[in-house]
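A.B. asks: mmCIF, C-alpha atoms and all ligand atoms, saved as entry07.cif, coming up:
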data_final
loop_
_atom_site.label_atom_id
_atom_site.label_comp_id
_atom_site.auth_asym_id
_atom_site.auth_seq_id
_atom_site.Cartn_x
_atom_site.Cartn_y
_atom_site.Cartn_z
CA MET A 1 -3.34 -42.23 73.44
CA VAL A 2 -5.59 -40.16 71.18
CA VAL A 3 -9.22 -39.36 72.05
CA LEU A 4 -11.78 -39.19 69.24
CA SER A 5 -15.41 -38.22 69.14
CA GLY A 6 -18.27 -37.81 66.70
CA SER A 7 -21.36 -35.66 67.11
CA ASN A 8 -22.91 -36.96 70.32
CA SER A 9 -20.20 -37.04 73.00
CA ARG A 10 -17.76 -34.27 72.19
CA PRO A 11 -17.81 -32.46 75.56
CA MET A 12 -17.28 -35.77 77.39
CA ALA A 13 -14.46 -36.71 74.99
CA LYS A 14 -12.75 -33.38 75.67
CA GLU A 15 -13.10 -33.95 79.42
CA LEU A 16 -11.52 -37.40 78.97
CA ALA A 17 -8.64 -36.02 76.88
CA GLN A 18 -7.98 -33.43 79.57
CA GLU A 19 -8.02 -36.11 82.30
CA LEU A 20 -5.59 -38.29 80.34
CA GLY A 21 -3.48 -35.34 79.18
CA CYS A 22 -3.73 -36.30 75.52
CA GLN A 23 -4.96 -34.95 72.17
CA HIS A 24 -8.60 -34.87 71.11
CA HIS A 25 -9.69 -35.04 67.47
CA SER A 26 -13.22 -34.52 66.16
CA ILE A 27 -14.47 -36.87 63.47
CA GLU A 28 -16.50 -35.14 60.76
CA THR A 29 -20.16 -36.18 60.87
CA ARG A 30 -22.97 -35.10 58.56
CA ARG A 31 -26.42 -36.24 57.51
CA PHE A 32 -27.58 -36.71 53.94
CA PRO A 33 -30.98 -35.20 53.09
CA ASP A 34 -32.59 -38.64 53.53
CA THR A 35 -31.14 -38.67 57.13
CA GLU A 36 -28.48 -41.32 56.46
CA GLY A 37 -25.19 -40.57 58.17
CA TYR A 38 -21.77 -39.72 56.71
CA ILE A 39 -18.55 -39.75 58.64
CA ARG A 40 -14.97 -38.94 57.68
CA ILE A 41 -11.72 -38.86 59.62
CA PRO A 42 -10.07 -35.49 58.84
CA ASP A 43 -6.63 -35.60 57.20
CA GLU A 44 -4.94 -34.13 60.28
CA ALA A 45 -6.28 -36.95 62.49
CA ILE A 46 -5.17 -39.84 60.26
CA GLU A 47 -1.51 -39.83 61.35
CA ALA A 48 -2.50 -39.36 65.03
CA ILE A 49 -4.82 -42.40 64.83
CA ARG A 50 -2.03 -44.50 63.30
CA SER A 51 0.70 -43.38 65.65
CA ASP A 52 -0.92 -44.18 69.01
CA LYS A 53 -3.71 -46.20 70.64
CA VAL A 54 -7.10 -44.53 70.31
CA VAL A 55 -10.23 -44.24 72.39
CA LEU A 56 -13.44 -43.31 70.62
CA VAL A 57 -16.05 -41.71 72.89
CA SER A 58 -19.54 -42.22 71.51
CA ASN A 59 -23.04 -42.84 72.81
CA THR A 60 -25.33 -45.51 71.40
CA PHE A 61 -28.26 -43.19 71.96
CA PRO A 62 -30.43 -42.17 70.25
CA ASP A 63 -30.59 -44.83 67.50
CA SER A 64 -28.58 -42.63 65.11
CA GLY A 65 -25.76 -42.88 67.68
CA ILE A 66 -25.46 -46.63 67.05
CA ILE A 67 -24.96 -46.13 63.32
CA GLU A 68 -22.57 -43.24 63.85
CA THR A 69 -20.51 -45.28 66.34
CA LEU A 70 -20.32 -48.26 63.96
CA LEU A 71 -19.31 -46.07 61.00
CA MET A 72 -16.63 -44.30 63.05
CA LEU A 73 -15.22 -47.63 64.24
CA GLU A 74 -15.21 -48.88 60.64
CA ALA A 75 -13.26 -45.81 59.46
CA ILE A 76 -10.81 -45.97 62.40
CA ASN A 77 -10.15 -49.67 61.71
CA ASP A 78 -9.52 -48.91 58.02
CA VAL A 79 -7.09 -46.12 58.85
CA ARG A 80 -5.17 -48.25 61.35
CA GLN A 81 -5.08 -51.22 58.96
CA GLY A 82 -3.80 -48.96 56.17
CA ASN A 83 -6.92 -49.23 53.97
CA VAL A 84 -6.88 -45.65 52.71
CA GLU A 85 -7.36 -46.16 48.94
CA ASN A 86 -9.89 -43.70 47.54
CA LEU A 87 -11.45 -42.88 44.16
CA ARG A 88 -9.84 -39.44 43.98
CA ALA A 89 -6.41 -40.98 44.59
CA ILE A 90 -5.69 -38.47 47.37
CA GLY A 91 -2.58 -39.29 49.41
CA PRO A 92 -0.96 -42.73 49.67
CA GLN A 93 -3.36 -45.51 48.64
CA THR A 94 -2.06 -48.15 51.03
CA LEU A 95 -0.21 -48.04 54.34
CA ASN A 96 1.05 -50.70 56.71
CA ASP A 97 -1.24 -52.19 59.36
CA VAL A 98 -0.39 -50.65 62.75
CA GLY A 99 -2.14 -53.39 64.72
CA PRO A 100 -4.74 -53.46 67.49
CA GLY A 101 -5.33 -50.37 69.60
CA ILE A 102 -8.96 -49.22 69.47
CA LEU A 103 -11.02 -48.69 72.62
CA LEU A 104 -14.64 -47.61 72.61
CA ALA A 105 -15.86 -45.54 75.58
CA ILE A 106 -19.65 -45.38 75.79
CA PRO A 107 -20.85 -42.77 78.29
CA TYR A 108 -24.52 -43.77 77.89
CA PHE A 109 -25.15 -47.22 76.47
CA GLY A 110 -28.53 -46.99 74.74
CA TYR A 111 -30.67 -50.16 74.79
CA SER A 112 -29.16 -51.17 78.13
CA ARG A 113 -32.61 -51.74 79.62
CA GLN A 114 -33.70 -54.66 77.41
CA ASP A 115 -31.20 -56.96 79.04
CA LYS A 116 -33.51 -59.99 79.34
CA ARG A 117 -36.10 -61.80 77.25
CA PHE A 118 -39.35 -61.35 79.15
CA ARG A 119 -41.53 -63.04 76.50
CA PRO A 120 -40.66 -65.56 73.77
CA GLY A 121 -39.47 -63.99 70.56
CA GLU A 122 -38.08 -60.78 72.07
CA ALA A 123 -34.64 -59.51 71.01
CA ILE A 124 -32.18 -59.03 73.86
CA SER A 125 -31.33 -55.60 72.45
CA ALA A 126 -28.47 -54.76 74.82
CA ARG A 127 -26.65 -57.92 73.78
CA ALA A 128 -27.29 -57.37 70.06
CA ILE A 129 -25.84 -53.85 70.12
CA ALA A 130 -22.88 -54.85 72.31
CA ASN A 131 -21.91 -57.70 69.94
CA LEU A 132 -21.96 -55.36 66.94
CA LEU A 133 -19.67 -52.88 68.70
CA ALA A 134 -17.34 -55.54 70.11
CA SER A 135 -16.66 -56.86 66.60
CA ARG A 136 -14.97 -53.55 65.71
CA CYS A 137 -12.84 -52.65 68.74
CA ASP A 138 -10.36 -54.16 71.22
CA GLY A 139 -12.16 -53.19 74.42
CA ILE A 140 -15.18 -51.30 75.71
CA ILE A 141 -15.55 -48.85 78.60
CA VAL A 142 -19.09 -48.43 79.85
CA PHE A 143 -20.24 -45.75 82.16
CA ASP A 144 -22.79 -46.61 84.92
CA LEU A 145 -24.45 -49.37 82.92
CA HIS A 146 -27.96 -50.24 84.10
CA ALA A 147 -27.35 -54.01 84.20
CA PRO A 148 -23.63 -54.84 83.78
CA GLN A 149 -24.27 -58.60 83.46
CA VAL A 150 -25.63 -58.06 79.95
CA LEU A 151 -22.05 -57.57 78.73
CA ASP A 152 -20.72 -60.79 80.31
CA GLY A 153 -18.88 -63.01 77.87
CA LEU A 154 -18.33 -60.44 75.08
CA ASP A 155 -15.43 -61.15 72.72
CA VAL A 156 -13.50 -58.13 74.04
CA PRO A 157 -12.80 -57.01 77.64
CA VAL A 158 -15.21 -54.54 79.19
CA ALA A 159 -14.33 -51.98 81.90
CA PHE A 160 -17.31 -50.89 83.96
CA THR A 161 -16.83 -47.48 85.40
CA SER A 162 -18.96 -45.19 87.50
CA ALA A 163 -19.35 -41.49 88.15
CA MET A 164 -20.66 -42.04 91.68
CA PRO A 165 -17.45 -40.64 93.28
CA GLU A 166 -17.88 -37.36 91.33
CA LEU A 167 -21.65 -37.38 91.95
CA ALA A 168 -21.02 -37.75 95.70
CA GLU A 169 -18.47 -34.93 95.63
CA HIS A 170 -20.91 -32.69 93.75
CA LEU A 171 -23.76 -33.39 96.20
CA ALA A 172 -21.53 -32.95 99.26
CA LYS A 173 -20.40 -29.55 98.00
CA ASN A 174 -23.64 -28.17 96.54
CA VAL A 175 -26.53 -29.93 98.32
CA LYS A 176 -25.08 -31.14 101.64
CA PRO A 177 -27.62 -33.97 102.01
CA ASP A 178 -28.43 -35.61 105.37
CA PHE A 179 -29.97 -38.64 103.69
CA ILE A 180 -29.50 -40.54 100.40
CA LEU A 181 -32.40 -42.55 98.96
CA SER A 182 -32.28 -45.21 96.27
CA PRO A 183 -35.67 -45.16 94.51
CA ASP A 184 -35.50 -48.91 93.76
CA LYS A 185 -33.34 -51.95 94.38
CA GLY A 186 -31.62 -51.49 90.99
CA ALA A 187 -29.91 -48.31 92.17
CA PHE A 188 -29.17 -49.68 95.66
CA GLU A 189 -25.42 -50.23 95.29
CA ARG A 190 -24.75 -46.94 93.51
CA ALA A 191 -26.78 -44.90 95.99
CA ALA A 192 -25.21 -46.74 98.95
CA GLU A 193 -21.76 -45.87 97.59
CA VAL A 194 -22.74 -42.18 97.44
CA ALA A 195 -24.12 -42.28 101.01
CA SER A 196 -20.95 -43.89 102.27
CA ALA A 197 -18.73 -41.34 100.46
CA ILE A 198 -20.72 -38.46 101.98
CA ASP A 199 -21.08 -40.30 105.29
CA CYS A 200 -24.83 -39.82 105.67
CA GLN A 201 -27.94 -41.92 106.24
CA PHE A 202 -29.21 -44.22 103.50
CA SER A 203 -32.32 -46.19 102.61
CA TYR A 204 -34.12 -47.55 99.55
CA LEU A 205 -37.62 -48.03 98.22
CA GLU A 206 -39.24 -51.08 96.62
CA LYS A 207 -40.61 -50.13 93.21
CA THR A 208 -43.03 -51.92 90.90
CA ARG A 209 -43.22 -50.67 87.32
CA ILE A 210 -46.71 -50.98 85.86
CA ASP A 211 -45.75 -49.52 82.46
CA ALA A 212 -43.26 -46.99 81.03
CA HIS A 213 -45.15 -44.09 82.66
CA THR A 214 -46.59 -45.67 85.81
CA ILE A 215 -44.68 -46.86 88.84
CA VAL A 216 -45.76 -47.72 92.37
CA HIS A 217 -43.58 -47.58 95.49
CA GLN A 218 -44.30 -49.83 98.45
CA ALA A 219 -44.99 -47.72 101.56
CA LYS A 220 -41.97 -47.51 103.87
CA ASP A 221 -41.12 -45.46 106.96
CA LEU A 222 -38.09 -43.28 106.24
CA ASP A 223 -36.29 -41.27 108.89
CA VAL A 224 -36.34 -38.03 106.86
CA GLU A 225 -38.28 -35.57 109.07
CA GLY A 226 -36.61 -32.13 108.69
CA LYS A 227 -33.84 -33.53 106.47
CA VAL A 228 -32.28 -32.68 103.12
CA VAL A 229 -32.56 -35.78 100.92
CA ALA A 230 -30.90 -36.66 97.61
CA ILE A 231 -32.45 -39.43 95.50
CA VAL A 232 -29.71 -41.19 93.51
CA ASP A 233 -30.50 -43.28 90.42
CA ASP A 234 -28.53 -44.53 87.43
CA MET A 235 -30.84 -42.78 84.95
CA ILE A 236 -33.84 -40.51 84.82
CA ALA A 237 -36.10 -40.95 81.79
CA THR A 238 -39.73 -39.82 82.23
CA GLY A 239 -38.97 -38.73 85.80
CA GLY A 240 -41.83 -40.88 87.12
CA THR A 241 -39.61 -42.84 89.52
CA ILE A 242 -38.17 -39.66 91.05
CA CYS A 243 -41.54 -37.84 91.31
CA ARG A 244 -43.13 -40.78 93.17
CA ALA A 245 -40.13 -41.10 95.52
CA ALA A 246 -40.13 -37.32 96.15
CA ASP A 247 -43.84 -37.54 97.06
CA ALA A 248 -43.06 -40.23 99.65
CA LEU A 249 -40.22 -38.13 101.09
CA ARG A 250 -42.26 -34.91 101.36
CA THR A 251 -45.12 -36.82 103.02
CA GLN A 252 -42.64 -38.04 105.61
CA GLY A 253 -41.30 -34.57 106.37
CA ALA A 254 -38.22 -34.07 104.15
CA ILE A 255 -37.57 -30.33 103.88
CA GLU A 256 -35.53 -30.45 100.67
CA VAL A 257 -35.41 -33.12 97.97
CA HIS A 258 -32.88 -33.39 95.14
CA ALA A 259 -32.60 -35.85 92.26
CA ALA A 260 -29.18 -36.99 91.00
CA CYS A 261 -28.31 -39.48 88.28
CA SER A 262 -25.59 -40.53 85.91
CA HIS A 263 -27.71 -40.42 82.78
CA GLY A 264 -30.22 -37.61 82.31
CA LEU A 265 -32.40 -38.81 79.42
CA PHE A 266 -35.23 -36.49 80.48
CA THR A 267 -37.80 -37.67 77.96
CA GLY A 268 -41.06 -35.89 77.19
CA GLY A 269 -40.74 -32.80 79.37
CA ALA A 270 -39.26 -34.67 82.34
CA VAL A 271 -37.27 -31.68 83.65
CA ALA A 272 -40.41 -29.48 83.74
CA ARG A 273 -42.24 -32.27 85.61
CA LEU A 274 -39.35 -32.91 87.98
CA ILE A 275 -38.94 -29.33 89.13
CA ARG A 276 -42.51 -29.42 90.47
CA TYR A 277 -41.40 -32.23 92.81
CA VAL A 278 -37.75 -31.62 93.64
CA ASP A 279 -35.53 -28.67 94.57
CA GLY A 280 -32.70 -29.62 92.23
CA VAL A 281 -31.88 -32.00 89.37
CA HIS A 282 -28.24 -33.04 88.89
CA ALA A 283 -26.84 -35.22 86.08
CA THR A 284 -23.44 -36.09 84.64
CA SER A 285 -22.21 -35.01 81.23
CA SER A 286 -22.86 -38.49 79.73
CA LEU A 287 -25.78 -36.97 77.80
CA LYS A 288 -26.27 -33.40 76.66
CA ASN A 289 -29.09 -31.88 78.71
CA PRO A 290 -29.84 -28.77 80.76
CA ARG A 291 -28.71 -30.48 83.98
CA ASP A 292 -25.35 -32.03 82.91
CA ILE A 293 -23.37 -30.41 85.70
CA ILE A 294 -21.34 -33.35 87.11
CA PRO A 295 -18.12 -34.18 85.20
CA GLY A 296 -18.08 -37.63 83.60
CA GLY A 297 -14.52 -37.47 82.24
CA PRO A 298 -12.78 -38.74 85.41
CA ALA A 299 -14.94 -41.91 85.43
CA LEU A 300 -14.17 -42.61 81.78
CA ALA A 301 -10.47 -42.05 82.44
CA ARG A 302 -10.55 -44.67 85.23
CA GLY A 303 -12.15 -47.10 82.77
CA VAL A 304 -9.53 -46.43 80.10
CA LYS A 305 -6.70 -47.01 82.61
CA GLN A 306 -8.37 -50.25 83.78
CA LEU A 307 -8.56 -51.56 80.20
CA TYR A 308 -4.95 -50.60 79.54
CA ARG A 309 -3.96 -52.84 82.45
CA THR A 310 -6.26 -55.69 81.34
CA LEU A 311 -4.92 -55.56 77.78
CA GLU A 312 -1.33 -55.13 79.04
CA TRP A 313 -0.88 -52.03 76.88
CA ASP A 314 0.98 -50.19 79.65
C1 LIG A 401 -34.82 -48.39 86.47
O1 LIG A 401 -34.66 -49.41 87.12
C2 LIG A 401 -33.83 -47.28 86.44
O2 LIG A 401 -32.86 -47.40 87.43
C3 LIG A 401 -34.54 -45.94 86.58
O3 LIG A 401 -35.13 -45.87 87.87
C4 LIG A 401 -35.61 -45.75 85.57
O4 LIG A 401 -35.15 -46.07 84.29
C5 LIG A 401 -36.09 -44.32 85.60
O5 LIG A 401 -37.10 -44.17 84.65
P1 LIG A 401 -38.21 -43.06 84.82
O6 LIG A 401 -37.51 -41.75 85.00
O7 LIG A 401 -38.97 -43.12 83.51
O8 LIG A 401 -39.07 -43.43 85.98
#
Have the structure of the file written as structure tokens, please.

C.D. replies:
Amino acid sequence: MVVLSGSNSRPMAKELAQELGCQHHSIETRRFPDTEGYIRIPDEAIEAIRSDKVVLVSNTFPDSGIIETLLMLEAINDVRQGNVENLRAIGPQTLNDVGPGILLAIPYFGYSRQDKRFRPGEAISARAIANLLASRCDGIIVFDLHAPQVLDGLDVPVAFTSAMPELAEHLAKNVKPDFILSPDKGAFERAAEVASAIDCQFSYLEKTRIDAHTIVHQAKDLDVEGKVVAIVDDMIATGGTICRAADALRTQGAIEVHAACSHGLFTGGAVARLIRYVDGVHATSSLKNPRDIIPGGPALARGVKQLYRTLEWD
């Protein structure tokens, strides 16, 4: 297996290559002055891509990540199919087709939140992006996807993987929480898994989102007096969900509050806002940010191994 990456997931790709004990190659990515993207597989990676199965690690966030991922998949498909003819006549112009063998590992799947049509005429964005990607690879690995059901019935197999084991290990070692809180029902299963791995108390809040910046939690008695609490969510964007939950915990006597997530989007000054409410912010390396301190490579490696079994590539 060969691991490839473009501009947005290189550290994660290197972590994955290390986990799998295989080579990593960087794909060249540039932007034209009008912002359009350019990608090229370097000469030294062409033979590697043709001689083994490949896994491309790439985020579909921000929007430029979608285009970059599609262009990289296009180029990888061409190289594997032997379509290497070029205007400068560099190297052989045709090669044999080496067959299927392209996996796409998406640490953070952008657009995962529009997974339903709430009003007539809306695009189900998650589905639209997933279909585009599935048309250019043999399988997809997705890392802590907000709503996994949105990828049901794709044309290629999908391996859902999670960094909750590594997140639990990180919290147990560095925070030593007495209590894990899920800030809404959506994060219930992930947070419960972390609580069970650490063997500590667990509860959840009921959240109503008024708009992108306003959320309300239903009042609930939590047994957190004098305790260290970690709030576990799949993603933190504006930080509003965490700040409101931290308020509820402090009011009820928590002495230390931490926020942990798989995907640290941290939009619009979220980290600065969060540190006024919590004692620590912990995220995985799925996105580059100042808090990406939990390794995501092991979770991706589990996903790759799962797809290998599904596709009978072992
Ligand atoms: C929503 O259900 C997600 O699990 C997160 O709780 C949410 O996306 C966090 O967003 P924000 O940080 O903007 O409150």

A.B. asks: In Å, rounded to a single decimal, give me how far atom O2 of ligand LIG 401 (chain A) is from CA of Ala197 (chain A).

C.D. replies: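 Computing it gives 20.2 Å between the two atoms.
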
A.B. asks: Find the distance between CA of Ala237 (chain A) and CA of Leu287 (chain A) and write it in Å to one decimal.

C.D. replies: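 We find that CA of Ala237 (chain A) and CA of Leu287 (chain A) lie 11.8 Å from each other.
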
A.B. asks: I need every residue sitting at most 9 Å from the point (-13.1, -52.4, 77.1) (coordinates as in the file, all atoms listed in the file considered), written as a count of residues only.

C.D. replies: 22

A.B. asks: Excluding Leu95 (chain A) and its own-chain neighbours fewer than 2 positions away, which residues fall within 12 Å of it when counting only C-alpha atoms? Please give them as JSON, numbers by chain.

C.D. replies: {"A": [46, 47, 50, 78, 79, 80, 81, 82, 83, 84, 85, 91, 92, 93, 97, 98, 99]}

A.B. asks: Taking a cut-off of 7 Å and counting all atoms listed in the file, can you build a table that, for each residue of chain A near ligand LIG 401 (chain A), reports the nearest atom pair and how far apart they are in Å (one decimal), sorted by chain then residue number, as JSON lines?

C.D. replies:
{"residue": "A:His146", "atom": "CA", "partner": "A:LIG401", "partner_atom": "O2", "distance": 6.6}
{"residue": "A:Pro183", "atom": "CA", "partner": "A:LIG401", "partner_atom": "O3", "distance": 6.7}
{"residue": "A:Asp184", "atom": "CA", "partner": "A:LIG401", "partner_atom": "O3", "distance": 6.6}
{"residue": "A:Gly186", "atom": "CA", "partner": "A:LIG401", "partner_atom": "O1", "distance": 5.3}
{"residue": "A:Ala187", "atom": "CA", "partner": "A:LIG401", "partner_atom": "O2", "distance": 5.7}
{"residue": "A:Ala212", "atom": "CA", "partner": "A:LIG401", "partner_atom": "O7", "distance": 6.3}
{"residue": "A:His213", "atom": "CA", "partner": "A:LIG401", "partner_atom": "O7", "distance": 6.3}
{"residue": "A:Asp233", "atom": "CA", "partner": "A:LIG401", "partner_atom": "O2", "distance": 5.6}
{"residue": "A:Asp234", "atom": "CA", "partner": "A:LIG401", "partner_atom": "O2", "distance": 5.2}
{"residue": "A:Met235", "atom": "CA", "partner": "A:LIG401", "partner_atom": "C3", "distance": 5.1}
{"residue": "A:Ile236", "atom": "CA", "partner": "A:LIG401", "partner_atom": "O6", "distance": 3.9}
{"residue": "A:Ala237", "atom": "CA", "partner": "A:LIG401", "partner_atom": "O6", "distance": 3.6}
{"residue": "A:Thr238", "atom": "CA", "partner": "A:LIG401", "partner_atom": "O7", "distance": 3.6}
{"residue": "A:Gly239", "atom": "CA", "partner": "A:LIG401", "partner_atom": "O6", "distance": 3.4}
{"residue": "A:Gly240", "atom": "CA", "partner": "A:LIG401", "partner_atom": "O8", "distance": 3.9}
{"residue": "A:Thr241", "atom": "CA", "partner": "A:LIG401", "partner_atom": "O8", "distance": 3.6}
{"residue": "A:Ile242", "atom": "CA", "partner": "A:LIG401", "partner_atom": "O8", "distance": 6.4}

A.B. asks: CA of Ala89 (chain A) and CA of Asp43 (chain A) are how many Å apart?

C.D. replies: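 CA of Asp43 (chain A) lies at a distance of 13.7 Å from CA of Ala89 (chain A).
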
A.B. asks: Would you give the centre and edge lengths, in Å to one decimal, of a box along x, y and z around the listed atoms of region 195-213 of chain A, with 5 Å added to each side, as lines of an AutoDock Vina configuration file?

C.D. replies:
center_x = -32.7
center_y = -45.2
center_z = 93.6
size_x = 38.0
size_y = 23.5
size_z = 35.2

A.B. asks: Env of Ser64 (chain A): 10 Å cut, atoms = all atoms listed in the file, seq-sep filter 6 positions within chain, self excluded. Answer as a PDB file with C-alpha atoms, in the frame of the given file.

C.D. replies:
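What ended up in part23.pdb:
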ATOM      1  CA  ASN A   8     -22.910 -36.960  70.320  1.00  0.00           C
ATOM      2  CA  THR A  35     -31.140 -38.670  57.130  1.00  0.00           C
ATOM      3  CA  GLU A  36     -28.480 -41.320  56.460  1.00  0.00           C
ATOM      4  CA  GLY A  37     -25.190 -40.570  58.170  1.00  0.00           C
TER       5      GLY A  37
END

A.B. asks: Between A:Ala75, A:Val2, A:Cys22, A:Met12, which residue has the minimum interatomic distance to Lys53 (chain A), considering only C-alpha atoms?

C.D. replies: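 Using only C-alpha atoms, Lys53 (chain A) sits closest to A:Val2.
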
A.B. asks: Compile the contact shell of region 110-127 of chain A as number ranges by chain: residues with an atom at most 8 Å away, counting only C-alpha atoms, same-chain residues fewer than 5 positions apart removed.

C.D. replies: A: 59-63, 145-147, 150-151

A.B. asks: Using all atoms listed in the file, which of the listed residues (A:Ser135, A:Ser182, A:Thr29, A:Ser9) sits closest to Asn77 (chain A)?

C.D. replies: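 Distance minimum relative to Asn77 (chain A) lands on A:Ser135.
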
A.B. asks: Got a sec: who's within 10 Å of Ser262 (chain A), counting only C-alpha atoms, leaving out chain neighbours fewer than 6 positions off, as JSON, numbers by chain?

C.D. replies: {"A": [107, 108, 143, 144, 145, 162, 163, 164, 166, 167, 190, 232, 233, 234, 235, 236, 282, 283, 284, 285, 286, 287, 292, 294, 295, 296]}

A.B. asks: Need to verify the contact set: Gln218 (chain A), 7 Å, all atoms listed in the file, exclusion of same-chain residues closer than 3 positions in sequence. Can you return it as an MDAnalysis selection string?

C.D. replies: chainID A and resid 205:207

A.B. asks: Determine the nearest neighbour of Gly101 (chain A) from the options A:Asn289, A:Thr69, A:Thr251, A:Ser51, counting all atoms listed in the file.

C.D. replies: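 So, comparing all the options, the nearest one is A:Ser51.
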
A.B. asks: Identify which of the residues A:Ile210, A:Ala272, A:Asp314, A:Leu181 lies closest to Val257 (chain A), counting all atoms listed in the file when measuring atom-to-atom distances.

C.D. replies: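 Closest residue, counting all atoms listed in the file: A:Leu181.
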
A.B. asks: Restricting the calculation to only C-alpha atoms, which member of A:Cys243, A:Val271, A:Val278, A:Leu154 is positioned closest to Ile255 (chain A)?

C.D. replies: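 Using only C-alpha atoms, Ile255 (chain A) sits closest to A:Val278.
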
A.B. asks: Smallest atom-to-atom distance to Ser7 (chain A): which of A:Arg250, A:Lys288, A:Cys200, A:Leu133, using only C-alpha atoms?

C.D. replies: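 The closest residue to Ser7 (chain A) is A:Lys288.
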
A.B. asks: Please supply region 124-141 of chain A, rebuilt with N, CA and C atoms, as a PDB file, in the frame of the given file.

C.D. replies:
ATOM      1  N   ILE A 124     -32.917 -59.579  72.712  1.00  0.00           N
ATOM      2  CA  ILE A 124     -32.180 -59.030  73.860  1.00  0.00           C
ATOM      3  C   ILE A 124     -31.323 -57.903  73.270  1.00  0.00           C
ATOM      4  N   SER A 125     -31.924 -56.714  73.219  1.00  0.00           N
ATOM      5  CA  SER A 125     -31.330 -55.600  72.450  1.00  0.00           C
ATOM      6  C   SER A 125     -29.941 -55.221  72.947  1.00  0.00           C
ATOM      7  N   ALA A 126     -29.756 -55.180  74.261  1.00  0.00           N
ATOM      8  CA  ALA A 126     -28.470 -54.760  74.820  1.00  0.00           C
ATOM      9  C   ALA A 126     -27.352 -55.663  74.285  1.00  0.00           C
ATOM     10  N   ARG A 127     -27.626 -56.935  74.242  1.00  0.00           N
ATOM     11  CA  ARG A 127     -26.650 -57.920  73.780  1.00  0.00           C
ATOM     12  C   ARG A 127     -26.362 -57.724  72.274  1.00  0.00           C
ATOM     13  N   ALA A 128     -27.441 -57.529  71.512  1.00  0.00           N
ATOM     14  CA  ALA A 128     -27.290 -57.370  70.060  1.00  0.00           C
ATOM     15  C   ALA A 128     -26.391 -56.182  69.736  1.00  0.00           C
ATOM     16  N   ILE A 129     -26.629 -55.065  70.399  1.00  0.00           N
ATOM     17  CA  ILE A 129     -25.840 -53.850  70.120  1.00  0.00           C
ATOM     18  C   ILE A 129     -24.394 -54.054  70.590  1.00  0.00           C
ATOM     19  N   ALA A 130     -24.233 -54.654  71.770  1.00  0.00           N
ATOM     20  CA  ALA A 130     -22.880 -54.850  72.310  1.00  0.00           C
ATOM     21  C   ALA A 130     -22.053 -55.736  71.385  1.00  0.00           C
ATOM     22  N   ASN A 131     -22.659 -56.806  70.829  1.00  0.00           N
ATOM     23  CA  ASN A 131     -21.910 -57.700  69.940  1.00  0.00           C
ATOM     24  C   ASN A 131     -21.454 -56.979  68.678  1.00  0.00           C
ATOM     25  N   LEU A 132     -22.329 -56.123  68.145  1.00  0.00           N
ATOM     26  CA  LEU A 132     -21.960 -55.360  66.940  1.00  0.00           C
ATOM     27  C   LEU A 132     -20.733 -54.487  67.216  1.00  0.00           C
ATOM     28  N   LEU A 133     -20.766 -53.791  68.367  1.00  0.00           N
ATOM     29  CA  LEU A 133     -19.670 -52.880  68.700  1.00  0.00           C
ATOM     30  C   LEU A 133     -18.384 -53.649  68.992  1.00  0.00           C
ATOM     31  N   ALA A 134     -18.522 -54.771  69.719  1.00  0.00           N
ATOM     32  CA  ALA A 134     -17.340 -55.540  70.110  1.00  0.00           C
ATOM     33  C   ALA A 134     -16.597 -56.104  68.904  1.00  0.00           C
ATOM     34  N   SER A 135     -17.318 -56.298  67.778  1.00  0.00           N
ATOM     35  CA  SER A 135     -16.660 -56.860  66.600  1.00  0.00           C
ATOM     36  C   SER A 135     -15.734 -55.845  65.935  1.00  0.00           C
ATOM     37  N   ARG A 136     -15.761 -54.591  66.374  1.00  0.00           N
ATOM     38  CA  ARG A 136     -14.970 -53.550  65.710  1.00  0.00           C
ATOM     39  C   ARG A 136     -14.022 -52.808  66.637  1.00  0.00           C
ATOM     40  N   CYS A 137     -13.792 -53.340  67.850  1.00  0.00           N
ATOM     41  CA  CYS A 137     -12.840 -52.650  68.740  1.00  0.00           C
ATOM     42  C   CYS A 137     -12.135 -53.696  69.623  1.00  0.00           C
ATOM     43  N   ASP A 138     -11.147 -53.231  70.388  1.00  0.00           N
ATOM     44  CA  ASP A 138     -10.360 -54.160  71.220  1.00  0.00           C
ATOM     45  C   ASP A 138     -10.785 -54.138  72.681  1.00  0.00           C
ATOM     46  N   GLY A 139     -11.688 -53.250  73.039  1.00  0.00           N
ATOM     47  CA  GLY A 139     -12.160 -53.190  74.420  1.00  0.00           C
ATOM     48  C   GLY A 139     -13.196 -52.094  74.553  1.00  0.00           C
ATOM     49  N   ILE A 140     -14.079 -52.263  75.536  1.00  0.00           N
ATOM     50  CA  ILE A 140     -15.180 -51.300  75.710  1.00  0.00           C
ATOM     51  C   ILE A 140     -15.177 -50.773  77.140  1.00  0.00           C
ATOM     52  N   ILE A 141     -15.388 -49.468  77.279  1.00  0.00           N
ATOM     53  CA  ILE A 141     -15.550 -48.850  78.600  1.00  0.00           C
ATOM     54  C   ILE A 141     -17.006 -48.397  78.686  1.00  0.00           C
TER      55      ILE A 141
END
